[in-house]
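This report refers to the structure that appears directly beneath it.
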Amino acid sequence: MKINQPRPSLPVSQPRSAPQLPARPPPRAANDGFEKSSPSLVSLGAASVESPGEQLIALARSVMGTKAHDLKLANNTKLGEAMQDWVPDTVNCANFVSGLLEASGQIGKGGGHAAVTTLVSKLKQNPNFTEVSLENAKPGDVVAFEYNKKDGTKGHHVVVFEGRDAKGNPKFIGSNNINQDGTQSISSTTGFPKSWKPMAVMHYSGPPPANVQVPTGPASPSPSAPTAPSGPAAPSAGTASNVDGITADQSTWMRNGKTGPGVEDLQKKLAAAGFDPGPLDGEFGPKTQAAVRAYQQAHGLQVDGIVGPETRGALMGQPTGPTPSGGEPPPTPVDPTTPATPSGNTATARELEAMALKKHGPEFLQKVKEMSTRLGVKPEWVLAVMKNESGMSTTAKNPNGGATGLIQFMPATARGLGTTTEALSKMSATEQLKYVEKYFAPFKGKIKSGTDLYMATFWPAGVGKPDGYNIGGAEVARVNKIFDLDRNGQITAGEFRRYYAQKFPELAA
């Protein structure tokens, strides 16, 4: 199970105090083909900073002239905290843009990346972003370029769109190579070299983030925690005391504007599942809504930012049937005398059942069949996932990220299901099936083949997506090379399906 993909090992930074940032911009030098530009000659068309893009631009302008090296070490600012201090001083462009997006509330912690191509890939998967043309770019949009380097390889650069000058030329703010020592400073530039090609322009189209308190200068202290704007609150009748209390009654559903212990419980569950809801303060604001939307996208649910019975069921690891109380539907009765023998309809099914019998005995196989009946899937589909992920081992552990057990539960996923990878590794195979069923329960009715079930395990958001859909980015492909059939550093849904069809041809349809 690769819900939370492993990250590359990063150098551990040494303890340090926040440096004093320069009070005024240093002298500018030539800068990689972009024209030199004054930071103050762009009109946003509004006197106040209100839109998400304008918030981001205001934040970027507040650090103009600052060396990226100093900025990323400034842990006394939200932007400095969001940037990664291990990134080399000559390649901070994606680090800076990722920091802007996180500090302005457009992405959660970990939603960016220090590599341009991976950052773009993440934004393309984020339901709060849409891709637009450079002609239609708005202030604050992320613009990534591709160009040919002297050695024949591809180079990449990323900036944020600042606006247009009086002649209509596009202006950008970014971490650019303008310092004489080769390091980067935050600067505004006009236009771009003719040989450069815009590879993506990403516009934030999600809910307005909480207002960002823009510092008055580069050395301003870290802004206080943003206050979520007030919004339409859900009806108060029947307010749940926790996530488990959500029922078919819409008055118990959680949405933007809701407050209370139930929201705090929701925030804790989102955080445990690896989705940043912001402060665990019991206030359902834009950041929590964005986390809910990301969670829904990752688990193949309707992406509406509202926690109703279906999303609640996924968070609680329970089936999401239309039961008014929100509890599990009763299991389908199974004749206890049914023999647990290899009785599948295909040679592959019988082979998988024989493997399960040999490893874990007849009780385990019988439980798999009972569970499959409740989920509405074929038992051989479940067994195929277990074989490919762990060799049907309860103790198998992936060194990249700590995925453990029969279907390789990631640590955050295990916590979201009410257990831990350490506890799972000590369970019997039959005991682990309880959590396997909890994980697959939200997909009931959506799985049409063995391929779908495996997709729900590896990349839930890919269930039902067309063949051209990109699964993750370069890092996902790097640590899951088995699925990257054309070895181009990217996995598509089509490649994933072809892999499964080659591995289990009788189960793919």
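To be explicit about the labels: the chains of the structure tokens are called A, B, and onward in the order shown, and within each one the residues are counted from 1, while ligands get numbers from 1 in the order they are shown.
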
Residues of stretch 356-412 of chain A that have any atom at most 9 Å from an atom of stretch 416-438 of chain A: could you tabulate them with the shortest-distance atom pair and the distance in Å to one decimal, using only C-alpha atoms, ordered by chain and increasing number, as a tab-separated table?
```
residue	atom	partner	partner_atom	distance
A:His360	CA	A:Ala429	CA	6.7
A:Glu363	CA	A:Thr430	CA	7.6
A:Phe364	CA	A:Thr430	CA	5.3
A:Leu365	CA	A:Thr430	CA	8.7
A:Lys367	CA	A:Thr430	CA	7.1
A:Val368	CA	A:Leu433	CA	7.4
A:Met371	CA	A:Glu437	CA	6.7
A:Ser372	CA	A:Glu437	CA	8.4
A:Arg374	CA	A:Glu437	CA	8.9
A:Leu375	CA	A:Glu437	CA	7.7
A:Met392	CA	A:Ala429	CA	8.5
A:Ser393	CA	A:Ala429	CA	7.8
A:Thr394	CA	A:Ala429	CA	5.9
A:Thr395	CA	A:Ser425	CA	4.7
A:Ala396	CA	A:Ser425	CA	7.8
A:Lys397	CA	A:Ser425	CA	8.5
A:Gly402	CA	A:Thr421	CA	7.9
A:Ala403	CA	A:Thr421	CA	7.4
A:Thr404	CA	A:Thr421	CA	5.8
A:Gly405	CA	A:Ser425	CA	6.2
A:Leu406	CA	A:Gln432	CA	7.5
A:Ile407	CA	A:Val436	CA	7.3
A:Phe409	CA	A:Thr421	CA	6.9
A:Met410	CA	A:Thr421	CA	7.3
A:Pro411	CA	A:Thr421	CA	5.6
A:Ala412	CA	A:Gly416	CA	6.2
```

Write the residues of the preceding selection, restricted to C-alpha atoms, as a PDB file, in the first residue's frame.
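Heads up, here's the output in out_36.pdb:
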```
ATOM      1  CA  HIS A 360      -2.131 -19.510   6.800  1.00  0.00           C
ATOM      2  CA  GLU A 363      -9.613 -20.577   8.520  1.00  0.00           C
ATOM      3  CA  PHE A 364      -7.723 -17.715   6.867  1.00  0.00           C
ATOM      4  CA  LEU A 365      -8.929 -18.622   3.379  1.00  0.00           C
ATOM      5  CA  LYS A 367     -12.323 -15.539   6.260  1.00  0.00           C
ATOM      6  CA  VAL A 368     -10.979 -14.036   3.043  1.00  0.00           C
ATOM      7  CA  MET A 371     -14.797 -10.697   3.721  1.00  0.00           C
ATOM      8  CA  SER A 372     -14.823 -10.639  -0.087  1.00  0.00           C
ATOM      9  CA  ARG A 374     -19.199  -8.432   2.176  1.00  0.00           C
ATOM     10  CA  LEU A 375     -17.055  -6.154   0.021  1.00  0.00           C
ATOM     11  CA  MET A 392       1.002 -12.967   1.808  1.00  0.00           C
ATOM     12  CA  SER A 393       3.288 -12.255   4.767  1.00  0.00           C
ATOM     13  CA  THR A 394       1.942 -10.582   7.911  1.00  0.00           C
ATOM     14  CA  THR A 395       5.392  -9.309   8.925  1.00  0.00           C
ATOM     15  CA  ALA A 396       6.753  -8.109   5.577  1.00  0.00           C
ATOM     16  CA  LYS A 397       8.081  -4.569   5.990  1.00  0.00           C
ATOM     17  CA  GLY A 402       7.782   1.288   6.740  1.00  0.00           C
ATOM     18  CA  ALA A 403       4.789  -0.264   4.922  1.00  0.00           C
ATOM     19  CA  THR A 404       3.895  -3.451   6.817  1.00  0.00           C
ATOM     20  CA  GLY A 405       1.699  -6.527   6.578  1.00  0.00           C
ATOM     21  CA  LEU A 406      -0.511  -8.346   4.112  1.00  0.00           C
ATOM     22  CA  ILE A 407      -1.373  -5.338   1.930  1.00  0.00           C
ATOM     23  CA  PHE A 409      -0.214  -0.705   5.400  1.00  0.00           C
ATOM     24  CA  MET A 410       1.659   2.612   5.586  1.00  0.00           C
ATOM     25  CA  PRO A 411       2.152   3.895   9.167  1.00  0.00           C
ATOM     26  CA  ALA A 412      -0.276   6.815   8.708  1.00  0.00           C
TER      27      ALA A 412
END
```
